[in-house]
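Visitor: Just so it is clear, I am handing over structure02.txt, which has compact mmCIF, C-alpha atoms and all ligand atoms.
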```txt
# COMPACT_ATOMS: atom_id res chain seq x y z
CA MET A 1 -0.13 10.96 3.51
CA ALA A 2 2.56 13.65 3.29
CA HIS A 3 -0.13 16.31 3.61
CA ARG A 4 -1.59 14.68 6.74
CA PHE A 5 1.85 14.26 8.34
CA LEU A 6 2.62 17.94 7.67
CA GLN A 7 -0.70 18.96 9.23
CA LEU A 8 0.34 17.01 12.32
CA GLY A 9 3.67 18.83 12.59
CA ALA A 10 6.13 16.53 10.80
CA THR A 11 9.00 17.55 8.58
CA VAL A 12 8.53 15.48 5.42
CA TYR A 13 10.87 14.26 2.68
CA ILE A 14 9.21 12.97 -0.49
CA CYS A 15 11.03 10.85 -3.02
CA GLY A 16 10.18 9.71 -6.53
CA ARG A 17 11.72 9.23 -9.94
CA ARG A 18 10.48 12.43 -11.59
CA GLU A 19 11.81 15.70 -10.24
CA GLU A 20 9.06 17.84 -11.80
CA VAL A 21 6.35 15.77 -10.04
CA LEU A 22 8.16 16.15 -6.72
CA GLU A 23 8.54 19.91 -7.17
CA LYS A 24 4.87 20.34 -8.08
CA THR A 25 3.81 18.32 -5.03
CA ALA A 26 6.12 20.24 -2.72
CA ALA A 27 4.79 23.55 -4.09
CA GLU A 28 1.21 22.38 -3.31
CA LEU A 29 2.08 21.28 0.23
CA SER A 30 4.72 23.75 1.39
CA ALA A 31 2.13 26.11 2.90
CA THR A 32 1.19 23.31 5.34
CA GLY A 33 4.69 22.61 6.67
CA PRO A 34 8.35 21.90 5.90
CA ILE A 35 8.65 19.56 2.90
CA HIS A 36 11.79 18.53 1.02
CA THR A 37 12.19 16.67 -2.26
CA LEU A 38 14.74 14.03 -3.18
CA PRO A 39 14.64 12.53 -6.67
CA CYS A 40 15.46 8.82 -6.38
CA ASP A 41 14.63 5.56 -8.13
CA VAL A 42 14.05 3.14 -5.26
CA ARG A 43 15.08 0.20 -7.49
CA ASN A 44 18.66 1.48 -7.32
CA ILE A 45 20.26 0.59 -3.97
CA ASP A 46 23.07 3.14 -4.36
CA ALA A 47 20.57 5.91 -5.06
CA VAL A 48 18.55 4.95 -1.96
CA GLU A 49 21.67 4.88 0.22
CA ALA A 50 22.69 8.33 -1.09
CA MET A 51 19.20 9.70 -0.44
CA ILE A 52 19.06 8.38 3.11
CA ASP A 53 22.58 9.73 3.75
CA THR A 54 21.46 13.19 2.63
CA ILE A 55 18.47 13.09 5.00
CA TRP A 56 20.55 11.83 7.94
CA LYS A 57 23.00 14.72 7.49
CA ALA A 58 20.15 17.04 8.49
CA ALA A 59 18.67 14.73 11.17
CA PRO A 60 17.73 11.05 11.53
CA LEU A 61 14.33 10.06 10.21
CA ASP A 62 11.78 8.84 12.76
CA VAL A 63 9.41 7.31 10.21
CA LEU A 64 9.78 5.61 6.83
CA VAL A 65 6.77 5.10 4.55
CA ASN A 66 7.31 2.62 1.71
CA ASN A 67 4.64 3.71 -0.74
CA ALA A 68 6.35 3.51 -4.15
CA ALA A 69 4.58 0.93 -6.31
CA GLY A 70 4.35 -0.31 -9.85
CA ASN A 71 1.52 -2.43 -11.18
CA PHE A 72 -0.61 -3.13 -14.24
CA ILE A 73 -3.06 -5.82 -15.29
CA ALA A 74 -1.72 -8.33 -17.79
CA ARG A 75 -1.91 -12.02 -18.64
CA THR A 76 1.05 -13.51 -16.82
CA GLU A 77 2.25 -15.69 -19.70
CA GLU A 78 2.73 -12.54 -21.78
CA LEU A 79 4.96 -10.68 -19.31
CA SER A 80 8.51 -9.92 -20.47
CA PRO A 81 11.48 -10.28 -18.12
CA ARG A 82 11.66 -6.47 -17.94
CA ALA A 83 8.03 -6.28 -16.89
CA TRP A 84 8.74 -8.62 -13.95
CA ASP A 85 11.94 -6.73 -13.08
CA SER A 86 10.18 -3.41 -13.16
CA VAL A 87 7.42 -4.26 -10.65
CA ILE A 88 9.54 -6.47 -8.37
CA GLY A 89 12.28 -3.80 -8.45
CA ILE A 90 9.99 -0.99 -7.34
CA VAL A 91 7.71 -2.80 -4.90
CA LEU A 92 9.86 -5.47 -3.26
CA LEU A 93 13.43 -4.27 -3.75
CA GLY A 94 12.51 -0.61 -3.27
CA THR A 95 10.90 -1.43 0.08
CA LEU A 96 13.86 -3.60 1.05
CA HIS A 97 16.47 -0.99 0.10
CA ALA A 98 14.80 1.84 2.02
CA THR A 99 13.97 -0.32 5.04
CA MET A 100 17.53 -1.63 5.30
CA ALA A 101 19.06 1.83 4.83
CA CYS A 102 16.97 3.27 7.68
CA GLY A 103 17.01 0.16 9.87
CA ARG A 104 20.79 -0.14 9.92
CA ARG A 105 21.17 3.51 10.87
CA TRP A 106 18.50 3.30 13.59
CA LEU A 107 20.02 0.17 15.11
CA LYS A 108 23.55 1.59 15.06
CA ALA A 109 22.50 4.80 16.80
CA ASN A 110 19.98 3.12 19.11
CA HIS A 111 17.38 5.47 17.63
CA PRO A 112 13.72 4.38 17.61
CA GLY A 113 12.02 4.14 14.24
CA THR A 114 8.77 3.15 12.58
CA VAL A 115 8.32 1.64 9.14
CA LEU A 116 4.95 1.68 7.39
CA SER A 117 4.69 -0.15 4.06
CA ILE A 118 1.75 -0.06 1.67
CA SER A 119 0.72 -3.57 0.65
CA ALA A 120 -2.39 -4.81 -1.18
CA THR A 121 -5.35 -6.92 -0.09
CA TYR A 122 -4.34 -9.76 -2.42
CA ALA A 123 -0.84 -10.18 -0.94
CA PRO A 124 -1.67 -13.14 1.36
CA VAL A 125 -3.76 -15.03 -1.22
CA GLY A 126 -2.34 -13.95 -4.57
CA SER A 127 -4.29 -12.54 -7.50
CA ALA A 128 -4.57 -13.43 -11.16
CA TYR A 129 -3.49 -10.75 -13.68
CA VAL A 130 -1.30 -8.74 -11.26
CA VAL A 131 1.16 -11.52 -10.43
CA PRO A 132 4.40 -9.49 -10.23
CA SER A 133 2.65 -7.17 -7.79
CA ALA A 134 1.16 -10.07 -5.78
CA VAL A 135 4.57 -11.75 -5.51
CA SER A 136 6.22 -8.49 -4.44
CA LYS A 137 3.58 -7.41 -1.93
CA ALA A 138 3.69 -10.89 -0.34
CA GLY A 139 7.42 -10.29 0.13
CA VAL A 140 6.76 -6.89 1.66
CA GLU A 141 4.37 -8.48 4.17
CA ALA A 142 6.91 -11.20 5.03
CA LEU A 143 9.56 -8.51 5.54
CA THR A 144 7.20 -6.54 7.77
CA ARG A 145 6.34 -9.49 10.00
CA SER A 146 9.89 -10.85 10.15
CA LEU A 147 11.60 -7.59 11.09
CA ALA A 148 8.83 -6.68 13.53
CA VAL A 149 10.15 -9.60 15.59
CA GLU A 150 13.85 -9.27 14.83
CA TRP A 151 14.03 -5.51 15.45
CA GLY A 152 11.10 -5.08 17.85
CA ASN A 153 13.30 -5.39 20.92
CA ARG A 154 15.38 -2.44 19.71
CA GLY A 155 12.70 0.20 19.30
CA ILE A 156 11.71 -0.38 15.69
CA ARG A 157 8.09 -1.00 14.73
CA MET A 158 7.10 -2.51 11.37
CA ASN A 159 3.52 -2.33 10.09
CA ALA A 160 1.69 -2.24 6.77
CA ILE A 161 -1.63 -1.12 5.33
CA ALA A 162 -3.39 -3.23 2.69
CA PRO A 163 -5.78 -0.80 0.99
CA GLY A 164 -8.54 -1.70 -1.42
CA PRO A 165 -8.93 0.43 -4.53
CA ILE A 166 -8.41 4.16 -3.95
CA PRO A 167 -8.93 6.25 -7.09
CA THR A 168 -5.71 7.87 -8.27
CA GLN A 169 -4.67 8.45 -11.85
CA GLY A 170 -1.47 6.41 -11.44
CA ALA A 171 -3.20 3.33 -10.10
CA PHE A 172 -6.56 3.33 -11.87
CA SER A 173 -5.04 3.96 -15.33
CA ARG A 174 -3.13 0.70 -14.88
CA VAL A 175 -5.27 -1.62 -12.74
CA LEU A 176 -8.82 -0.47 -13.61
CA PRO A 177 -8.25 1.10 -17.02
CA ARG A 178 -11.88 0.89 -18.26
CA PRO A 179 -15.14 2.18 -16.71
CA GLU A 180 -16.68 -1.33 -16.76
CA LEU A 181 -13.77 -2.60 -14.62
CA GLU A 182 -14.52 0.11 -12.06
CA VAL A 183 -18.14 -1.08 -11.96
CA LEU A 184 -16.96 -4.66 -11.37
CA ALA A 185 -14.72 -3.47 -8.51
CA LEU A 186 -17.58 -1.52 -6.90
CA ASP A 187 -19.86 -4.55 -7.15
CA ARG A 188 -17.36 -6.61 -5.14
CA ASN A 189 -17.52 -4.18 -2.24
CA PRO A 190 -20.15 -4.33 0.56
CA MET A 191 -19.94 -0.54 0.95
CA HIS A 192 -20.21 -0.12 -2.81
CA ARG A 193 -17.64 2.64 -2.94
CA PHE A 194 -13.89 3.10 -3.26
CA GLY A 195 -11.62 4.24 -0.44
CA THR A 196 -10.40 7.82 -0.18
CA LYS A 197 -6.94 9.28 0.14
CA GLU A 198 -8.04 10.91 3.41
CA GLU A 199 -9.00 7.52 4.89
CA LEU A 200 -5.59 6.12 3.97
CA ALA A 201 -3.79 9.19 5.33
CA ASN A 202 -5.63 9.01 8.67
CA LEU A 203 -4.78 5.34 9.19
CA ALA A 204 -1.17 5.96 8.14
CA ALA A 205 -0.86 8.87 10.58
CA PHE A 206 -2.14 6.67 13.40
CA LEU A 207 0.16 3.76 12.56
CA VAL A 208 3.31 5.88 12.51
CA SER A 209 2.37 7.80 15.66
CA ASP A 210 3.07 6.97 19.30
CA GLY A 211 -0.68 6.43 19.64
CA SER A 212 -0.15 3.00 18.09
CA SER A 213 3.06 2.16 19.93
CA TYR A 214 2.01 -1.43 20.80
CA ILE A 215 1.02 -2.31 17.21
CA ASN A 216 3.94 -4.14 15.63
CA GLY A 217 4.04 -6.63 12.76
CA GLU A 218 0.45 -6.00 11.66
CA ILE A 219 -0.99 -5.70 8.20
CA ILE A 220 -4.16 -3.60 8.51
CA ARG A 221 -6.66 -4.18 5.72
CA MET A 222 -8.62 -1.05 4.71
CA ASP A 223 -11.03 -2.06 1.97
CA GLY A 224 -14.62 -1.56 3.19
CA GLY A 225 -14.95 -5.32 3.73
CA GLU A 226 -14.25 -6.25 0.10
CA PHE A 227 -11.80 -9.04 0.94
CA LEU A 228 -14.23 -10.67 3.37
CA GLN A 229 -17.12 -10.42 0.94
CA GLY A 230 -15.07 -12.44 -1.53
CA ALA A 231 -14.16 -15.04 1.12
CA GLY A 232 -17.60 -15.89 2.57
CA GLU A 233 -19.28 -18.83 0.84
CA PHE A 234 -22.76 -17.30 1.11
CA SER A 235 -21.90 -13.59 1.09
CA ASN A 236 -23.22 -12.97 -2.43
CA LEU A 237 -26.73 -14.19 -1.53
CA GLY A 238 -27.67 -10.60 -0.71
CA ARG A 239 -27.50 -9.87 -4.43
CA ALA A 240 -28.92 -13.20 -5.63
CA LEU A 241 -32.04 -13.41 -3.44
CA THR A 242 -34.95 -10.94 -3.27
CA ASN A 243 -37.12 -10.19 -0.21
CA GLU A 244 -39.69 -12.55 -1.70
CA ASP A 245 -37.09 -15.30 -1.97
CA TRP A 246 -36.15 -14.85 1.71
CA GLU A 247 -39.83 -15.01 2.72
CA SER A 248 -40.38 -18.17 0.70
CA LEU A 249 -37.34 -19.78 2.34
CA LYS A 250 -38.72 -19.36 5.89
CA PRO A 251 -39.95 -22.58 7.51
CA ARG A 252 -43.74 -23.00 7.20
CA LYS A 253 -45.59 -22.76 10.54
CA LYS A 254 -47.08 -26.11 11.54
CA SER A 255 -50.90 -25.84 11.74
C1 LIG B 301 2.45 -5.71 -20.11
C2 LIG B 301 3.86 -3.99 -19.50
C3 LIG B 301 2.75 -3.15 -19.19
C4 LIG B 301 1.43 -3.69 -19.42
C5 LIG B 301 4.57 -2.05 -18.78
N1 LIG B 301 4.97 -3.25 -19.23
N2 LIG B 301 3.23 -1.94 -18.75
N3 LIG B 301 3.71 -5.24 -19.95
N4 LIG B 301 1.34 -4.96 -19.86
N5 LIG B 301 0.33 -2.97 -19.16
C6 LIG B 301 6.32 -3.72 -19.45
C7 LIG B 301 6.98 -2.88 -20.54
O1 LIG B 301 6.61 -3.36 -21.83
C8 LIG B 301 8.47 -3.11 -20.25
O2 LIG B 301 8.93 -4.35 -20.73
C9 LIG B 301 8.48 -3.20 -18.73
O3 LIG B 301 7.14 -3.50 -18.31
C10 LIG B 301 8.90 -1.91 -18.08
O4 LIG B 301 8.05 -0.88 -18.57
P1 LIG B 301 8.52 0.64 -18.66
O5 LIG B 301 7.34 1.47 -19.03
O6 LIG B 301 9.76 0.74 -19.49
O7 LIG B 301 9.00 0.86 -17.16
P2 LIG B 301 8.87 2.07 -16.21
O8 LIG B 301 8.84 3.37 -16.95
O9 LIG B 301 9.92 1.87 -15.19
O10 LIG B 301 7.42 1.90 -15.55
C11 LIG B 301 7.19 1.03 -14.47
C12 LIG B 301 5.79 0.46 -14.52
C13 LIG B 301 4.73 1.54 -14.68
C14 LIG B 301 5.59 -0.37 -13.24
C15 LIG B 301 5.71 -0.51 -15.71
O11 LIG B 301 3.44 0.95 -14.69
C16 LIG B 301 4.82 2.59 -13.61
O12 LIG B 301 5.65 3.49 -13.69
N6 LIG B 301 4.00 2.53 -12.57
C17 LIG B 301 4.06 3.43 -11.41
C18 LIG B 301 2.72 3.75 -10.83
C19 LIG B 301 1.87 2.54 -10.62
O13 LIG B 301 1.99 1.50 -11.26
N7 LIG B 301 0.92 2.65 -9.70
C20 LIG B 301 -0.01 1.56 -9.50
C21 LIG B 301 0.17 1.01 -8.17
S1 LIG B 301 -1.36 0.40 -7.62
P3 LIG B 301 9.67 -4.52 -22.19
O14 LIG B 301 10.15 -5.94 -22.18
O15 LIG B 301 8.62 -4.25 -23.22
O16 LIG B 301 10.80 -3.52 -22.22
C22 LIG B 301 -1.06 -1.01 -6.81
C23 LIG B 301 -2.15 -1.60 -5.97
C24 LIG B 301 -3.37 -1.81 -6.69
O17 LIG B 301 -0.04 -1.55 -6.84
C25 LIG B 301 -4.39 -2.44 -5.78
C26 LIG B 301 -5.79 -2.06 -6.11
C27 LIG B 301 -6.75 -2.65 -5.13
```
Mind turning this structure into structure tokens?
Ligand code: HXC
Guide:
Amino acid sequence: MAHRFLQLGATVYICGRREEVLEKTAAELSATGPIHTLPCDVRNIDAVEAMIDTIWKAAPLDVLVNNAAGNFIARTEELSPRAWDSVIGIVLLGTLHATMACGRRWLKANHPGTVLSISATYAPVGSAYVVPSAVSKAGVEALTRSLAVEWGNRGIRMNAIAPGPIPTQGAFSRVLPRPELEVLALDRNPMHRFGTKEELANLAAFLVSDGSSYINGEIIRMDGGEFLQGAGEFSNLGRALTNEDWESLKPRKKS
């Protein structure tokens, strides 16, 4: 997403816990445009406030992207309190801290702003085995919809993207850690493929741009139709029935 925003002329600040990862990313992207790094753990409200202060000293942000996430598959009854804290802290509190830090500043200065949060397709319905993430992403979606209304009359737009699986080392090593799990995930998808980083970046660029200025409070699902395939009572018939089966199911012509 940072790469796409730079291509489109933005000045970008990237934040994360590990300075060496930030520096490596900035080195890869700096030929495309101005990119700055700010080490910060979004779970820590004071660290987020300090980071946003540093940015505002240069110039107010126009766009905030809440992308930091933590997730892993586990049986819920085996989760420790720290495991819950860790995911809820990054996903829900991190999003809340950054959104509040920017929102307060935008409202005070009467400066327009756009927030884009990254959710997950299971947020509205929940999902077994990723419950801390499901709980947190549901909160992110509630925050998005609530503030879209509360702040919408003062120039602030709130939207979110709910992507299906997009292969990255960070995510797949934790949520699809075995090849057979990747096969299962592909089988659930009508397009039979994963999403790409480019597809996510393009949608993100649109949603934070003035081209989407009337879209507010929306959660846009981007999953190749996977969610809907799971929802339709008869959607798996395509795999269960052969051409012969379909022929044999046709009504017989009356002679
Ligand atoms: C059970 C686990 C666990 C696992 C960690 N914990 N992994 N418990 N099963 N697989 C527990 C630890 O034992 C510890 O509790 C607590 O969680 C904190 O773990 P730490 O490693 O000390 O924390 P930390 O270094 O802060 O790491 C945070 C993390 C990690 C969330 C646990 O996974 C992480 O850094 N993730 C960042 C990247 C990421 O997750 N990306 C995936 C996002 S994908 P104890 O009690 O033992 O101390 C996504 C959408 C997917 O969200 C949607 C696909 C369609």
Visitor: What does the distance from CA of Asn71 in chain A to CA of Glu233 in chain A come to in Å, to one decimal?
Guide: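 Separation between CA of Asn71 in chain A and CA of Glu233 in chain A: 29.1 Å.
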Visitor: Using 10 Å as the limit and counting all atoms listed in the file, can you tabulate each residue of range 137-200 of chain A that touches range 72-86 of chain A, with its shortest atom-to-atom distance in Å and the two atoms involved, as a Markdown table?
Guide:
```
| residue | atom | partner | partner_atom | distance |
| --- | --- | --- | --- | --- |
| A:Gly170 | CA | A:Phe72 | CA | 10.0 |
| A:Ala171 | CA | A:Phe72 | CA | 8.1 |
| A:Phe172 | CA | A:Phe72 | CA | 9.1 |
| A:Ser173 | CA | A:Phe72 | CA | 8.4 |
| A:Arg174 | CA | A:Phe72 | CA | 4.6 |
| A:Val175 | CA | A:Phe72 | CA | 5.1 |
| A:Leu176 | CA | A:Ile73 | CA | 8.0 |
| A:Pro177 | CA | A:Ile73 | CA | 8.8 |
```
Visitor: Taking all atoms listed in the file into account, name the residue in A:Ala142, A:Ile52, A:Val91, A:Ile45 that is nearest to ligand LIG 301 (chain B).
Guide: A:Val91
Visitor: Pick out the closest residue to Ile118 in chain A from this set: A:Met191, A:Ala47, A:Val149, A:Ala201. Count only C-alpha atoms.
Guide: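 Of A:Met191, A:Ala47, A:Val149, A:Ala201, the one nearest Ile118 in chain A is A:Ala201, counting only C-alpha atoms.
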Visitor: Enter the distance from CA of Gly155 in chain A to CA of Lys197 in chain A, in Å, rounded to one decimal.
Guide: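 Result for CA of Gly155 in chain A versus CA of Lys197 in chain A: 28.9 Å, one decimal.
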Visitor: Determine, counting only C-alpha atoms, which protein, DNA and RNA residues have an atom within 8 Å of an atom of range 41-44 of chain A; residues of the same chain fewer than 3 positions away are not included. Present the result as a list in words.
Guide: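 Counting only C-alpha atoms, the residues come to Gly16, Arg17, Ala47, Val48, Ala68, Gly89, Ile90, Leu93, Gly94, Thr95, His97 and Ala98 of chain A.
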Visitor: So, counting all atoms listed in the file, which residue among A:Phe206, A:Tyr122, A:Phe234, A:Trp151 is closest to ligand LIG 301 (chain B)?
Guide: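 Of the candidates, the smallest distance to ligand LIG 301 (chain B) is held by A:Tyr122.
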Visitor: Pick from A:Ala69, A:Leu203, A:Leu147, A:Leu184: nearest to Pro132 in chain A, with all atoms listed in the file counted?
Guide: A:Ala69
Visitor: For ligand LIG 301 (chain B), which of A:Leu29, A:Ala58, A:Ala162, A:Ile35 is the closest residue, counting only C-alpha atoms and all ligand atoms?
Guide: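 Between A:Leu29, A:Ala58, A:Ala162, A:Ile35, the residue approaching ligand LIG 301 (chain B) most closely is A:Ala162.
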Visitor: What is the distance between CA of Cys102 in chain A and atom C17 of ligand LIG 301 (chain B), in Å to one decimal?
Guide: 23.0 Å
Visitor: Counting all atoms listed in the file, find residues at most 10 Å from (7.6, -4.4, 8.6) (file frame) and give them as a ChimeraX atom specification.
Guide: /A:66,95-96,99,114-117,140-149,151-152,156-160,216-219
Visitor: Show me, as a PyMOL selection string, the residues that have an atom within 9 Å of Cys15 in chain A when counting only C-alpha atoms, minus same-chain residues fewer than 2 positions from it.
Guide: chain A and resi 13+17-19+22+36-42+51+68
Visitor: Using all atoms listed in the file, which of A:Val12, A:Val125, A:Leu200, A:Ala101 sits nearest Ala50 in chain A?
Guide: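 Result for the nearest residue to Ala50 in chain A: A:Ala101.
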Visitor: Using all atoms listed in the file, determine which residues lie at most 10 Å from range 30-34 of chain A, disregarding the query and same-chain residues fewer than 4 positions distant; provide the list as an mmCIF file with C-alpha atoms, keeping the file's coordinate frame.
Guide:
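Dumped to part.cif:
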```cif
data_model
loop_
_atom_site.group_PDB
_atom_site.id
_atom_site.type_symbol
_atom_site.label_atom_id
_atom_site.label_comp_id
_atom_site.auth_asym_id
_atom_site.auth_seq_id
_atom_site.Cartn_x
_atom_site.Cartn_y
_atom_site.Cartn_z
ATOM 1 C CA ALA A 2 2.560 13.650 3.290
ATOM 2 C CA HIS A 3 -0.130 16.310 3.610
ATOM 3 C CA ARG A 4 -1.590 14.680 6.740
ATOM 4 C CA PHE A 5 1.850 14.260 8.340
ATOM 5 C CA LEU A 6 2.620 17.940 7.670
ATOM 6 C CA GLN A 7 -0.700 18.960 9.230
ATOM 7 C CA LEU A 8 0.340 17.010 12.320
ATOM 8 C CA GLY A 9 3.670 18.830 12.590
ATOM 9 C CA ALA A 10 6.130 16.530 10.800
ATOM 10 C CA THR A 11 9.000 17.550 8.580
ATOM 11 C CA VAL A 12 8.530 15.480 5.420
ATOM 12 C CA TYR A 13 10.870 14.260 2.680
ATOM 13 C CA THR A 25 3.810 18.320 -5.030
ATOM 14 C CA ALA A 26 6.120 20.240 -2.720
#
```
Visitor: Starting from 8 Å padding per side, set up an axis-aligned box that covers all listed atoms of range 198-214 of chain A and hand over centre and edge lengths in Å, one decimal, as JSON.
Guide:
```
{"center_x": -2.8, "center_y": 4.7, "center_z": 12.1, "size_x": 28.3, "size_y": 28.3, "size_z": 33.4}
```
Visitor: Complete range 56-75 of chain A with N, CA, C and O atoms (output as a CSV table (one decimal), in the coordinates of the input).
Guide:
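Generated file (selection-v2.csv):
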```csv
chain,number,residue,atom,x,y,z
A,56,TRP,N,19.9,12.0,6.6
A,56,TRP,CA,20.6,11.8,7.9
A,56,TRP,C,21.5,13.0,8.3
A,56,TRP,O,21.7,13.3,9.4
A,57,LYS,N,22.1,13.6,7.2
A,57,LYS,CA,23.0,14.7,7.5
A,57,LYS,C,22.2,15.9,8.2
A,57,LYS,O,22.8,16.6,9.0
A,58,ALA,N,21.0,16.0,7.8
A,58,ALA,CA,20.2,17.0,8.5
A,58,ALA,C,19.7,16.5,9.9
A,58,ALA,O,19.9,17.2,10.9
A,59,ALA,N,19.1,15.4,9.9
A,59,ALA,CA,18.7,14.7,11.2
A,59,ALA,C,18.2,13.3,10.8
A,59,ALA,O,17.7,13.1,9.7
A,60,PRO,N,18.2,12.4,11.8
A,60,PRO,CA,17.7,11.0,11.5
A,60,PRO,C,16.2,11.1,11.3
A,60,PRO,O,15.5,11.9,11.9
A,61,LEU,N,15.8,10.2,10.4
A,61,LEU,CA,14.3,10.1,10.2
A,61,LEU,C,13.8,9.4,11.4
A,61,LEU,O,14.5,8.6,12.1
A,62,ASP,N,12.5,9.6,11.7
A,62,ASP,CA,11.8,8.8,12.8
A,62,ASP,C,10.9,7.8,12.1
A,62,ASP,O,10.5,6.8,12.7
A,63,VAL,N,10.4,8.1,10.9
A,63,VAL,CA,9.4,7.3,10.2
A,63,VAL,C,9.8,7.1,8.8
A,63,VAL,O,10.2,8.1,8.1
A,64,LEU,N,9.6,5.9,8.3
A,64,LEU,CA,9.8,5.6,6.8
A,64,LEU,C,8.5,5.1,6.3
A,64,LEU,O,7.9,4.1,6.9
A,65,VAL,N,8.0,5.6,5.2
A,65,VAL,CA,6.8,5.1,4.6
A,65,VAL,C,7.2,4.6,3.2
A,65,VAL,O,7.7,5.3,2.3
A,66,ASN,N,7.0,3.3,3.0
A,66,ASN,CA,7.3,2.6,1.7
A,66,ASN,C,6.0,2.6,0.9
A,66,ASN,O,5.2,1.7,1.0
A,67,ASN,N,5.9,3.6,0.0
A,67,ASN,CA,4.6,3.7,-0.7
A,67,ASN,C,4.8,3.5,-2.2
A,67,ASN,O,3.9,3.3,-3.0
A,68,ALA,N,6.1,3.6,-2.7
A,68,ALA,CA,6.4,3.5,-4.2
A,68,ALA,C,5.8,2.2,-4.7
A,68,ALA,O,6.1,1.1,-4.0
A,69,ALA,N,5.1,2.2,-5.8
A,69,ALA,CA,4.6,0.9,-6.3
A,69,ALA,C,4.6,1.0,-7.8
A,69,ALA,O,4.6,2.0,-8.4
A,70,GLY,N,4.5,-0.2,-8.4
A,70,GLY,CA,4.4,-0.3,-9.8
A,70,GLY,C,3.4,-1.5,-10.1
A,70,GLY,O,3.6,-2.5,-9.4
A,71,ASN,N,2.5,-1.4,-11.0
A,71,ASN,CA,1.5,-2.4,-11.2
A,71,ASN,C,0.8,-2.2,-12.5
A,71,ASN,O,0.6,-1.0,-12.9
A,72,PHE,N,0.3,-3.2,-13.1
A,72,PHE,CA,-0.6,-3.1,-14.2
A,72,PHE,C,-1.3,-4.5,-14.4
A,72,PHE,O,-0.7,-5.5,-14.0
A,73,ILE,N,-2.4,-4.5,-15.0
A,73,ILE,CA,-3.1,-5.8,-15.3
A,73,ILE,C,-2.5,-6.4,-16.6
A,73,ILE,O,-2.3,-5.6,-17.6
A,74,ALA,N,-2.2,-7.7,-16.6
A,74,ALA,CA,-1.7,-8.3,-17.8
A,74,ALA,C,-1.9,-9.8,-17.6
A,74,ALA,O,-1.9,-10.3,-16.5
A,75,ARG,N,-1.9,-10.6,-18.7
A,75,ARG,CA,-1.9,-12.0,-18.6
A,75,ARG,C,-0.5,-12.4,-18.4
A,75,ARG,O,0.5,-12.0,-19.1
```
